[in-house]
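File shown: my_file.pdb. Contents: PDB, C-alpha atoms.
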ATOM      1  CA  MET Y  51     -59.717  11.579-124.529
ATOM      2  CA  ALA Y  52     -60.542  14.694-126.505
ATOM      3  CA  ILE Y  53     -62.726  17.472-125.151
ATOM      4  CA  ALA Y  54     -66.030  17.834-127.006
ATOM      5  CA  PHE Y  55     -68.656  20.559-126.696
ATOM      6  CA  GLN Y  56     -72.147  19.251-125.916
ATOM      7  CA  THR Y  57     -74.802  21.929-125.327
ATOM      8  CA  ALA Y  58     -75.197  25.528-124.196
ATOM      9  CA  THR Y  59     -78.208  27.326-122.738
ATOM     10  CA  ASN Y  60     -79.201  30.966-122.512
ATOM     11  CA  GLY Y  61     -81.134  30.920-119.250
ATOM     12  CA  GLY Y  62     -82.850  34.300-119.621
ATOM     13  CA  SER Y  63     -83.115  36.951-116.930
ATOM     14  CA  THR Y  64     -85.228  37.931-113.957
ATOM     15  CA  ASN Y  65     -85.640  41.576-113.025
ATOM     16  CA  PRO Y  66     -85.834  41.711-110.128
ATOM     17  CA  GLY Y  67     -85.817  38.420-108.257
ATOM     18  CA  THR Y  68     -84.233  36.589-105.361
ATOM     19  CA  SER Y  69     -83.582  33.400-107.331
ATOM     20  CA  HIS Y  70     -83.618  32.410-110.992
ATOM     21  CA  THR Y  71     -83.999  28.857-112.331
ATOM     22  CA  PHE Y  72     -83.449  27.563-115.849
ATOM     23  CA  ALA Y  73     -83.082  24.185-117.541
ATOM     24  CA  HIS Y  74     -79.862  22.782-118.938
ATOM     25  CA  THR Y  75     -79.662  19.246-120.292
ATOM     26  CA  THR Y  76     -76.245  17.714-119.704
ATOM     27  CA  SER Y  77     -74.921  15.012-122.012
ATOM     28  CA  THR Y  78     -74.439  11.389-120.988
ATOM     29  CA  GLY Y  79     -70.797  11.195-122.107
ATOM     30  CA  SER Y  80     -67.835  10.485-119.841
ATOM     31  CA  ASN Y  81     -65.578  12.938-118.042
ATOM     32  CA  ARG Y  82     -68.278  15.590-118.084
ATOM     33  CA  ILE Y  83     -67.854  19.191-116.973
ATOM     34  CA  LEU Y  84     -70.456  21.939-116.679
ATOM     35  CA  PHE Y  85     -69.770  25.673-116.636
ATOM     36  CA  VAL Y  86     -72.230  28.383-115.579
ATOM     37  CA  LEU Y  87     -72.040  32.117-116.217
ATOM     38  CA  ALA Y  88     -74.145  33.920-113.594
ATOM     39  CA  PHE Y  89     -74.726  37.631-113.873
ATOM     40  CA  GLY Y  90     -76.479  40.394-111.953
ATOM     41  CA  GLY Y  91     -76.694  42.035-108.550
ATOM     42  CA  ASN Y  92     -77.217  45.585-109.869
ATOM     43  CA  ASP Y  93     -74.724  47.280-107.590
ATOM     44  CA  GLY Y  94     -72.951  44.632-105.547
ATOM     45  CA  ASP Y  95     -71.965  41.048-104.820
ATOM     46  CA  PHE Y  96     -75.242  39.454-103.700
ATOM     47  CA  LEU Y  97     -74.972  35.945-105.183
ATOM     48  CA  THR Y  98     -75.163  33.324-102.461
ATOM     49  CA  ASP Y  99     -75.333  30.031-104.387
ATOM     50  CA  CYS Y 100     -75.330  28.514-107.839
ATOM     51  CA  THR Y 101     -76.523  24.916-108.088
ATOM     52  CA  TYR Y 102     -77.114  22.323-110.767
ATOM     53  CA  ALA Y 103     -79.394  19.391-109.984
ATOM     54  CA  GLY Y 104     -79.279  20.479-106.345
ATOM     55  CA  THR Y 105     -75.475  20.420-106.040
ATOM     56  CA  SER Y 106     -73.525  23.635-105.556
ATOM     57  CA  ALA Y 107     -71.121  24.563-108.318
ATOM     58  CA  THR Y 108     -67.596  25.831-107.583
ATOM     59  CA  LEU Y 109     -66.640  29.442-108.227
ATOM     60  CA  ILE Y 110     -63.842  30.015-110.736
ATOM     61  CA  ASP Y 111     -63.911  33.802-110.711
ATOM     62  CA  LYS Y 112     -66.084  36.840-110.077
ATOM     63  CA  SER Y 113     -65.655  40.444-111.144
ATOM     64  CA  GLN Y 114     -67.692  43.640-111.066
ATOM     65  CA  GLU Y 115     -68.554  45.997-113.891
ATOM     66  CA  PRO Y 116     -66.493  49.184-113.972
ATOM     67  CA  GLY Y 117     -68.226  51.870-111.918
ATOM     68  CA  GLY Y 118     -69.715  49.437-109.408
ATOM     69  CA  GLY Y 119     -72.409  47.692-111.444
ATOM     70  CA  HIS Y 120     -73.374  44.058-111.943
ATOM     71  CA  PHE Y 121     -71.151  41.138-110.982
ATOM     72  CA  MET Y 122     -70.265  38.352-113.419
ATOM     73  CA  TYR Y 123     -69.518  34.932-111.949
ATOM     74  CA  SER Y 124     -67.983  31.841-113.568
ATOM     75  CA  PHE Y 125     -68.724  28.458-111.960
ATOM     76  CA  TYR Y 126     -67.886  24.830-112.776
ATOM     77  CA  GLN Y 127     -69.127  21.428-111.726
ATOM     78  CA  VAL Y 128     -67.372  18.151-112.633
ATOM     79  CA  ALA Y 129     -69.410  15.022-113.314
ATOM     80  CA  PRO Y 130     -72.725  16.909-113.280
ATOM     81  CA  ALA Y 131     -75.916  14.889-113.188
ATOM     82  CA  THR Y 132     -76.916  13.837-116.679
ATOM     83  CA  GLY Y 133     -80.180  14.647-118.377
ATOM     84  CA  ALA Y 134     -82.679  17.461-117.909
ATOM     85  CA  ASN Y 135     -81.830  19.295-114.690
ATOM     86  CA  ASN Y 136     -81.908  22.924-113.664
ATOM     87  CA  VAL Y 137     -79.465  25.663-112.744
ATOM     88  CA  VAL Y 138     -80.554  27.774-109.758
ATOM     89  CA  ILE Y 139     -78.887  31.144-109.091
ATOM     90  CA  THR Y 140     -79.752  32.601-105.690
ATOM     91  CA  MET Y 141     -79.143  36.107-104.353
ATOM     92  CA  SER Y 142     -79.456  37.516-100.845
ATOM     93  CA  ALA Y 143     -81.596  40.432-102.069
ATOM     94  CA  SER Y 144     -84.066  41.146-104.857
ATOM     95  CA  LYS Y 145     -81.820  41.926-107.825
ATOM     96  CA  PHE Y 146     -81.373  41.519-111.567
ATOM     97  CA  ILE Y 147     -80.345  37.871-112.174
ATOM     98  CA  SER Y 148     -79.321  36.205-115.404
ATOM     99  CA  GLY Y 149     -77.247  33.265-116.539
ATOM    100  CA  GLY Y 150     -76.289  30.612-119.009
ATOM    101  CA  ALA Y 151     -74.657  27.177-118.946
ATOM    102  CA  HIS Y 152     -72.501  25.024-121.212
ATOM    103  CA  ASP Y 153     -71.123  21.498-120.870
ATOM    104  CA  TYR Y 154     -68.405  19.315-122.346
ATOM    105  CA  THR Y 155     -67.211  15.738-122.291
ATOM    106  CA  GLY Y 156     -63.626  14.489-122.187
ATOM    107  CA  ALA Y 157     -62.529  16.956-119.516
ATOM    108  CA  LEU Y 158     -60.070  16.374-116.706
ATOM    109  CA  GLN Y 159     -62.035  16.115-113.476
ATOM    110  CA  THR Y 160     -59.409  17.753-111.257
ATOM    111  CA  GLY Y 161     -57.351  20.916-111.374
ATOM    112  CA  VAL Y 162     -60.123  23.101-112.777
ATOM    113  CA  PRO Y 163     -59.413  25.606-114.178
ATOM    114  CA  ASP Y 164     -56.122  24.815-115.873
ATOM    115  CA  ALA Y 165     -55.468  28.577-115.921
ATOM    116  CA  LYS Y 166     -57.540  31.768-115.670
ATOM    117  CA  ILE Y 167     -57.266  35.523-116.150
ATOM    118  CA  GLU Y 168     -59.560  38.547-115.946
ATOM    119  CA  GLY Y 169     -59.710  41.167-118.671
ATOM    120  CA  VAL Y 170     -60.910  44.753-118.151
ATOM    121  CA  GLY Y 171     -61.292  47.346-120.899
ATOM    122  CA  ILE Y 172     -60.199  45.035-123.710
ATOM    123  CA  PHE Y 173     -61.907  43.068-126.480
ATOM    124  CA  THR Y 174     -59.038  40.558-126.687
ATOM    125  CA  THR Y 175     -58.098  38.508-123.652
ATOM    126  CA  THR Y 176     -54.876  36.499-123.624
ATOM    127  CA  LEU Y 177     -54.269  33.492-121.391
ATOM    128  CA  THR Y 178     -51.300  31.169-120.959
ATOM    129  CA  THR Y 179     -52.553  27.594-120.771
ATOM    130  CA  VAL Y 180     -50.651  24.996-118.773
ATOM    131  CA  ALA Y 181     -51.688  21.560-120.054
ATOM    132  CA  ASP Y 182     -51.498  20.530-123.686
ATOM    133  CA  ASN Y 183     -54.766  20.162-125.632
ATOM    134  CA  CYS Y 184     -56.840  22.397-123.341
ATOM    135  CA  TRP Y 185     -59.922  24.254-124.539
ATOM    136  CA  THR Y 186     -60.430  27.853-123.489
ATOM    137  CA  VAL Y 187     -63.640  29.605-122.387
ATOM    138  CA  LEU Y 188     -64.412  33.324-122.428
ATOM    139  CA  HIS Y 189     -67.225  34.692-120.268
ATOM    140  CA  ALA Y 190     -67.730  38.283-121.383
ATOM    141  CA  ASN Y 191     -69.904  41.264-120.411
ATOM    142  CA  ASN Y 192     -70.089  44.674-121.978
ATOM    143  CA  GLY Y 193     -73.542  46.234-121.717
ATOM    144  CA  ALA Y 194     -74.396  45.347-125.312
ATOM    145  CA  GLU Y 195     -75.079  42.339-127.520
ATOM    146  CA  LEU Y 196     -71.718  40.666-128.119
ATOM    147  CA  THR Y 197     -70.381  38.791-131.130
ATOM    148  CA  ALA Y 198     -67.487  36.386-131.557
ATOM    149  CA  GLY Y 199     -64.126  37.439-132.957
ATOM    150  CA  ALA Y 200     -60.834  35.666-133.567
ATOM    151  CA  GLY Y 201     -60.376  32.507-131.517
ATOM    152  CA  SER Y 202     -63.956  32.581-130.169
ATOM    153  CA  THR Y 203     -67.073  30.573-130.930
ATOM    154  CA  ASP Y 204     -70.350  32.011-129.593
ATOM    155  CA  ARG Y 205     -72.271  29.346-127.690
ATOM    156  CA  THR Y 206     -75.313  31.208-126.394
ATOM    157  CA  ASN Y 207     -76.155  34.032-128.824
ATOM    158  CA  SER Y 208     -77.437  35.919-125.809
ATOM    159  CA  THR Y 209     -79.274  39.167-126.431
ATOM    160  CA  ILE Y 210     -78.430  40.266-122.908
ATOM    161  CA  SER Y 211     -75.100  41.961-122.287
ATOM    162  CA  TRP Y 212     -73.147  38.797-121.511
ATOM    163  CA  GLU Y 213     -71.981  36.007-123.748
ATOM    164  CA  ILE Y 214     -70.363  32.587-123.502
ATOM    165  CA  PHE Y 215     -67.579  31.827-125.981
ATOM    166  CA  ASP Y 216     -65.176  28.901-126.272
ATOM    167  CA  SER Y 217     -62.202  28.032-128.454
ATOM    168  CA  ASN Y 218     -64.030  25.144-130.174
ATOM    169  CA  ALA Y 219     -60.588  23.578-130.617
ATOM    170  CA  VAL Y 220     -57.631  22.403-128.606
ATOM    171  CA  ILE Y 221     -54.817  24.771-127.716
ATOM    172  CA  THR Y 222     -51.620  22.936-128.615
ATOM    173  CA  PRO Y 223     -48.937  23.236-127.622
ATOM    174  CA  ALA Y 224     -49.817  24.842-124.302
ATOM    175  CA  GLY Y 225     -48.956  28.507-124.092
ATOM    176  CA  SER Y 226     -50.283  31.958-124.858
ATOM    177  CA  THR Y 227     -53.633  32.056-126.641
ATOM    178  CA  SER Y 228     -56.184  34.805-127.236
ATOM    179  CA  MET Y 229     -59.957  35.132-127.582
ATOM    180  CA  THR Y 230     -61.658  38.186-129.062
ATOM    181  CA  PHE Y 231     -65.218  39.494-129.086
ATOM    182  CA  SER Y 232     -66.861  42.757-130.094
ATOM    183  CA  GLY Y 233     -69.892  44.800-129.037
ATOM    184  CA  GLY Y 234     -70.268  47.888-126.894
ATOM    185  CA  THR Y 235     -67.506  50.245-125.874
ATOM    186  CA  GLU Y 236     -64.154  48.506-125.425
ATOM    187  CA  ALA Y 237     -63.304  50.516-122.326
ATOM    188  CA  ASN Y 238     -66.288  48.936-120.533
ATOM    189  CA  ALA Y 239     -65.543  45.338-121.578
ATOM    190  CA  ARG Y 240     -65.008  42.769-118.859
ATOM    191  CA  THR Y 241     -64.020  39.132-119.283
ATOM    192  CA  THR Y 242     -63.067  36.005-117.437
ATOM    193  CA  MET Y 243     -61.011  33.647-119.616
ATOM    194  CA  PHE Y 244     -60.060  30.202-118.406
ATOM    195  CA  SER Y 245     -58.833  26.896-119.755
ATOM    196  CA  PHE Y 246     -59.716  23.324-118.876
ATOM    197  CA  ALA Y 247     -57.680  20.247-119.635
ATOM    198  CA  PRO Y 248     -58.577  16.977-121.354
ATOM    199  CA  SER Y 249     -59.023  13.815-119.341
ATOM    200  CA  LEU Y 250     -55.945  11.643-119.147
ATOM    201  CA  GLY Y 251     -57.170   8.245-120.179
ATOM    202  CA  GLY Y 252     -60.775   8.352-121.246
ATOM    203  CA  ASP Y 253     -63.069   5.507-120.346
ATOM    204  CA  PHE Y 254     -61.276   2.810-118.352
ATOM    205  CA  THR Y 255     -62.080  -0.728-119.417
ATOM    206  CA  PRO Y 256     -60.266  -3.373-117.356
ATOM    207  CA  ARG Y 257     -58.779  -6.284-119.313
ATOM    208  CA  VAL Y 258     -57.651  -9.701-118.092
ATOM    209  CA  ILE Y 259     -54.204 -10.620-119.364
ATOM    210  CA  MET Y 260     -53.276 -14.328-119.270
ATOM    211  CA  PHE Y 261     -49.629 -15.347-118.851
TER     212      PHE Y 261
ATOM    213  CA  MET S1084     -87.889  64.220-100.965
ATOM    214  CA  PRO S1085     -91.559  63.165-101.084
ATOM    215  CA  LYS S1086     -92.792  60.812 -98.389
ATOM    216  CA  LEU S1087     -93.059  57.168 -99.390
ATOM    217  CA  ALA S1088     -95.906  54.937 -98.278
ATOM    218  CA  LYS S1089     -94.783  51.765 -96.552
ATOM    219  CA  ILE S1090     -96.140  48.395 -97.759
ATOM    220  CA  ASP S1091     -95.783  45.209 -95.721
ATOM    221  CA  GLN S1092     -93.927  42.177 -97.035
ATOM    222  CA  VAL S1093     -96.137  39.080 -96.976
ATOM    223  CA  GLY S1094     -93.558  36.524 -98.074
ATOM    224  CA  TYR S1095     -92.289  35.450-101.476
ATOM    225  CA  HIS S1096     -93.974  34.572-104.749
ATOM    226  CA  TYR S1097     -92.951  32.284-107.601
ATOM    227  CA  PHE S1098     -93.437  32.394-111.357
ATOM    228  CA  HIS S1099     -92.813  30.284-114.444
ATOM    229  CA  VAL S1100     -91.925  32.206-117.620
ATOM    230  CA  PHE S1101     -92.855  30.708-120.989
ATOM    231  CA  LYS S1102     -91.888  32.073-124.380
ATOM    232  CA  ASN S1103     -92.732  31.733-128.041
ATOM    233  CA  GLU S1104     -91.749  33.681-131.139
ATOM    234  CA  SER S1105     -94.031  36.578-130.267
ATOM    235  CA  GLY S1106     -93.164  37.085-126.634
ATOM    236  CA  GLN S1107     -93.329  35.853-123.056
ATOM    237  CA  ILE S1108     -96.059  35.022-120.596
ATOM    238  CA  GLN S1109     -95.749  34.109-116.931
ATOM    239  CA  ALA S1110     -97.808  32.043-114.545
ATOM    240  CA  GLU S1111     -97.643  32.099-110.754
ATOM    241  CA  THR S1112     -96.824  28.820-109.044
ATOM    242  CA  THR S1113     -96.282  27.517-105.525
ATOM    243  CA  ALA S1114     -93.149  27.543-103.401
ATOM    244  CA  LYS S1115     -93.186  23.725-103.340
ATOM    245  CA  ASP S1116     -93.331  23.526-107.122
ATOM    246  CA  TYR S1117     -90.606  26.149-107.519
ATOM    247  CA  PHE S1118     -88.136  24.599-105.096
ATOM    248  CA  GLN S1119     -88.471  21.086-106.556
ATOM    249  CA  LEU S1120     -87.060  22.549-109.787
ATOM    250  CA  GLY S1121     -83.709  22.824-108.035
ATOM    251  CA  ILE S1122     -83.309  19.163-107.122
ATOM    252  CA  ALA S1123     -82.146  16.234-109.265
ATOM    253  CA  THR S1124     -84.704  14.918-111.775
ATOM    254  CA  PRO S1125     -87.130  17.797-111.373
ATOM    255  CA  VAL S1126     -90.610  17.934-112.849
ATOM    256  CA  ASN S1127     -90.374  20.971-115.099
ATOM    257  CA  PRO S1128     -93.387  23.193-115.877
ATOM    258  CA  ILE S1129     -95.747  22.159-118.634
ATOM    259  CA  PRO S1130     -95.985  25.099-121.048
ATOM    260  CA  PRO S1131     -99.248  26.319-122.556
ATOM    261  CA  GLN S1132     -99.874  25.342-126.163
ATOM    262  CA  GLY S1133     -97.398  27.054-128.472
ATOM    263  CA  TYR S1134     -94.934  28.003-125.737
ATOM    264  CA  VAL S1135     -91.777  26.546-124.212
ATOM    265  CA  TRP S1136     -90.658  26.919-120.626
ATOM    266  CA  TRP S1137     -87.741  29.377-120.424
ATOM    267  CA  TYR S1138     -87.096  29.999-116.722
ATOM    268  CA  SER S1139     -88.726  30.417-113.335
ATOM    269  CA  TYR S1140     -88.035  32.862-110.551
ATOM    270  CA  GLU S1141     -88.730  33.827-106.969
ATOM    271  CA  ASP S1142     -89.170  37.379-105.688
ATOM    272  CA  VAL S1143     -90.304  39.251-102.615
ATOM    273  CA  LYS S1144     -94.109  39.520-102.274
ATOM    274  CA  PHE S1145     -95.766  42.596-100.839
ATOM    275  CA  ASN S1146     -99.296  43.144 -99.565
ATOM    276  CA  THR S1147    -100.686  44.446-102.858
ATOM    277  CA  PRO S1148    -102.959  42.815-105.456
ATOM    278  CA  ASN S1149    -100.034  41.678-107.655
ATOM    279  CA  GLY S1150     -97.463  41.396-104.867
ATOM    280  CA  LYS S1151     -95.310  44.178-106.307
ATOM    281  CA  LEU S1152     -94.810  47.724-105.042
ATOM    282  CA  PRO S1153     -96.882  50.566-106.534
ATOM    283  CA  ASP S1154     -95.149  53.843-107.377
ATOM    284  CA  GLU S1155     -93.877  55.958-104.487
ATOM    285  CA  THR S1156     -93.867  53.124-101.971
ATOM    286  CA  TYR S1157     -91.295  50.998-100.191
ATOM    287  CA  GLY S1158     -91.218  47.832 -98.140
ATOM    288  CA  GLU S1159     -88.916  46.239 -95.590
ATOM    289  CA  VAL S1160     -87.695  42.739 -96.431
ATOM    290  CA  ALA S1161     -87.115  40.545 -93.407
ATOM    291  CA  SER S1162     -83.787  38.844 -92.709
ATOM    292  CA  ARG S1163     -83.607  35.431 -94.356
ATOM    293  CA  ASN S1164     -81.159  32.526 -94.242
ATOM    294  CA  GLY S1165     -78.734  34.575 -92.183
ATOM    295  CA  HIS S1166     -78.706  37.472 -94.652
ATOM    296  CA  PRO S1167     -79.529  40.952 -93.341
ATOM    297  CA  SER S1168     -82.825  42.725 -93.879
ATOM    298  CA  TYR S1169     -83.052  45.411 -96.550
ATOM    299  CA  LYS S1170     -85.596  47.652 -98.231
ATOM    300  CA  ILE S1171     -87.156  47.727-101.687
ATOM    301  CA  VAL S1172     -88.388  50.964-103.185
ATOM    302  CA  LYS S1173     -90.480  51.842-106.255
ATOM    303  CA  LEU S1174     -90.346  55.389-107.585
ATOM    304  CA  THR S1175     -92.399  56.654-110.496
ATOM    305  CA  GLY S1176     -90.558  56.023-113.736
ATOM    306  CA  LYS S1177     -87.926  53.838-112.056
ATOM    307  CA  ILE S1178     -87.700  50.090-111.629
ATOM    308  CA  GLN S1179     -88.459  48.430-108.307
ATOM    309  CA  CYS S1180     -85.053  47.984-106.694
ATOM    310  CA  SER S1181     -83.332  47.068-103.463
ATOM    311  CA  VAL S1182     -81.556  49.561-101.231
ATOM    312  CA  SER S1183     -79.940  49.414 -97.820
ATOM    313  CA  ASN S1184     -81.967  49.986 -94.669
ATOM    314  CA  GLU S1185     -80.192  53.289 -94.093
ATOM    315  CA  ASP S1186     -81.174  54.557 -97.551
ATOM    316  CA  ILE S1187     -84.756  55.180 -96.348
ATOM    317  CA  VAL S1188     -85.141  57.224 -93.172
ATOM    318  CA  ALA S1189     -88.499  58.337 -91.744
ATOM    319  CA  ASN S1190     -90.290  57.185 -94.908
ATOM    320  CA  GLU S1191     -88.024  59.285 -97.117
ATOM    321  CA  LEU S1192     -85.366  58.163 -99.548
ATOM    322  CA  THR S1193     -82.006  59.738 -98.750
ATOM    323  CA  ILE S1194     -79.895  61.462-101.370
ATOM    324  CA  ASP S1195     -77.599  58.431-101.455
ATOM    325  CA  GLY S1196     -80.615  56.134-101.792
ATOM    326  CA  LEU S1197     -82.000  58.155-104.686
ATOM    327  CA  ALA S1198     -78.626  58.000-106.413
ATOM    328  CA  LYS S1199     -78.660  54.199-106.078
ATOM    329  CA  VAL S1200     -82.159  53.930-107.524
ATOM    330  CA  GLU S1201     -81.283  56.155-110.461
ATOM    331  CA  LYS S1202     -78.073  54.264-111.148
ATOM    332  CA  ILE S1203     -79.764  50.865-111.016
ATOM    333  CA  SER S1204     -82.637  52.032-113.214
ATOM    334  CA  ALA S1205     -80.236  53.478-115.761
ATOM    335  CA  SER S1206     -78.215  50.258-115.950
ATOM    336  CA  GLN S1207     -81.054  47.895-116.798
ATOM    337  CA  ILE S1208     -80.060  45.778-119.749
ATOM    338  CA  ILE S1209     -82.958  43.596-120.758
TER     339      ILE S1209
END

Show the structure stored in the file as structure tokens.
Amino acid sequence: MAIAFQTATNGGSTNPGTSHTFAHTTSTGSNRILFVLAFGGNDGDFLTDCTYAGTSATLIDKSQEPGGGHFMYSFYQVAPATGANNVVITMSASKFISGGAHDYTGALQTGVPDAKIEGVGIFTTTLTTVADNCWTVLHANNGAELTAGAGSTDRTNSTISWEIFDSNAVITPAGSTSMTFSGGTEANARTTMFSFAPSLGGDFTPRVIMF
Amino acid sequence: MPKLAKIDQVGYHYFHVFKNESGQIQAETTAKDYFQLGIATPVNPIPPQGYVWWYSYEDVKFNTPNGKLPDETYGEVASRNGHPSYKIVKLTGKIQCSVSNEDIVANELTIDGLAKVEKISASQII
């Protein structure tokens, strides 16, 4: 079953706050997966939980801005609740909090992510995918409004300093692939790039075979 | 360093933020209403005419008319959910921001604390 993009949400920002809540409507398709980019903390790692529809999401990666600034977190949740539910990002202190979410259908429900890598000081991040027909995601931060470059489709058009990009296409065959963005000073750029694989069989419909 | 006046924390407060093409407005809500947003099938805020709901948030509430710290004040935030206590400070011309307990001694911001406040204020990105 092929991966298909559904929706993306720019969840805005709170400054300061101890938790931040925004809506994201997840599709009703099969083999769903939700990703969340959470951002903030000012000067440290203060995030304590990221939930969707009351269920904690799983951390893929976290990294801090050069010079000890905000943290950027990438989370996922397989088979998220469908319909209009909310993302809640909670911190242990009153801090800048921001985030966005994006969801897909047709994704493998295990082994997430397929592969991942962090990029620091570069506009182009290169990842080696493992499974055939993966999509790639780039969560990027650079202290400026960011725009898509080669291999990247902008999903949130955020005016904050982070952005959610994806490949908007399968990576086949599996192997080295790159995503590029621009905005701000390249030396300060920070990314998390990861891939996720397609589901193996799609919807299972049992059939009775008569001999 | 000038002396800071201490303000007591009185809990937390909760807000819905609505937006339209010309800007944002916010409305205070209750803890019960805010926390039900985080469960499955929530009842989301009903926006005023011409607005859409964008997000909601929780923050520390101090014993002031709007719950926020006035300039040249600080407050201690009690330990919560197993996380340590900390302090929040508001300096003139800077944003209200969190610092460690040891960054304010005898009602004065330390040199390290001032550096944190200036760094956080300079890095705001809205």

(request) Please identify every residue of chain Y that has at least one atom no more than 9 Å from any atom of chain S, counting all atoms listed in the file, and report them as JSON, numbers by chain. (result) {"Y": [60, 61, 62, 63, 64, 65, 66, 67, 68, 69, 70, 71, 72, 73, 92, 93, 101, 102, 103, 104, 105, 119, 120, 131, 133, 134, 135, 136, 137, 138, 142, 143, 144, 145, 146, 193, 194, 209, 210, 211]}

With the file shown as input, list the residues that the PyMOL selection byres ((chain S and resi 1087) around 10) selects, as a PDB file with C-alpha atoms, in the frame of the given file.
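Below you can see part13.pdb, which holds the result:
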ATOM      1  CA  MET S1084     -87.889  64.220-100.965  1.00  0.00           C
ATOM      2  CA  PRO S1085     -91.559  63.165-101.084  1.00  0.00           C
ATOM      3  CA  LYS S1086     -92.792  60.812 -98.389  1.00  0.00           C
ATOM      4  CA  ALA S1088     -95.906  54.937 -98.278  1.00  0.00           C
ATOM      5  CA  LYS S1089     -94.783  51.765 -96.552  1.00  0.00           C
ATOM      6  CA  ILE S1090     -96.140  48.395 -97.759  1.00  0.00           C
ATOM      7  CA  ASP S1154     -95.149  53.843-107.377  1.00  0.00           C
ATOM      8  CA  GLU S1155     -93.877  55.958-104.487  1.00  0.00           C
ATOM      9  CA  THR S1156     -93.867  53.124-101.971  1.00  0.00           C
ATOM     10  CA  TYR S1157     -91.295  50.998-100.191  1.00  0.00           C
ATOM     11  CA  GLY S1158     -91.218  47.832 -98.140  1.00  0.00           C
ATOM     12  CA  VAL S1172     -88.388  50.964-103.185  1.00  0.00           C
ATOM     13  CA  LYS S1173     -90.480  51.842-106.255  1.00  0.00           C
ATOM     14  CA  LEU S1174     -90.346  55.389-107.585  1.00  0.00           C
ATOM     15  CA  ILE S1187     -84.756  55.180 -96.348  1.00  0.00           C
ATOM     16  CA  ALA S1189     -88.499  58.337 -91.744  1.00  0.00           C
ATOM     17  CA  ASN S1190     -90.290  57.185 -94.908  1.00  0.00           C
ATOM     18  CA  GLU S1191     -88.024  59.285 -97.117  1.00  0.00           C
ATOM     19  CA  LEU S1192     -85.366  58.163 -99.548  1.00  0.00           C
TER      20      LEU S1192
END

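The gap separating CA of Leu84 in chain Y from CA of Pro116 in chain Y is 27.7 Å, in Å to one decimal.
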
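Taking only C-alpha atoms into account, Gln127 in chain Y lies nearest to Y:Thr160 out of the set Y:Thr160, Y:Ser202, Y:Asn192, Y:Ser113.
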
(request) Can you give me, as a VMD selection string, the residues this file yields under the PyMOL selection byres ((chain S and resi 1103) around 7)? (result) chain S and resid 1102 1104 to 1107 1133 to 1135

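Residues surrounding range 175-184 of chain Y within 7 Å are Y:Asp164, Y:Ala165, Y:Lys166, Y:Ile167, Y:Gly169, Y:Val220, Y:Ile221, Y:Thr222, Y:Pro223, Y:Ala224, Y:Gly225, Y:Ser226, Y:Thr227, Y:Ser228, Y:Met229, Y:Thr230, Y:Met243, Y:Ser245, Y:Phe246, Y:Ala247, Y:Pro248 [all atoms listed in the file; sequence separation below 4 positions excluded].
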
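CA of His152 in chain Y sits 26.1 Å away from CA of Thr235 in chain Y.
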
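Selection check: the PyMOL selection byres ((chain Y and resi 196) around 9) on the shown file gives Ala190, Asn191, Asn192, Gly193, Ala194, Glu195, Thr197, Ala198, Asp204, Asn207, Ser208, Thr209, Ile210, Ser211, Trp212, Glu213, Phe231, Ser232, Gly233 and Gly234 of chain Y.
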
(request) For CA of Gln114 in chain Y and CA of Lys1144 in chain S, determine how far apart the two atoms are, in Å to one decimal place. (result) 28.1 Å
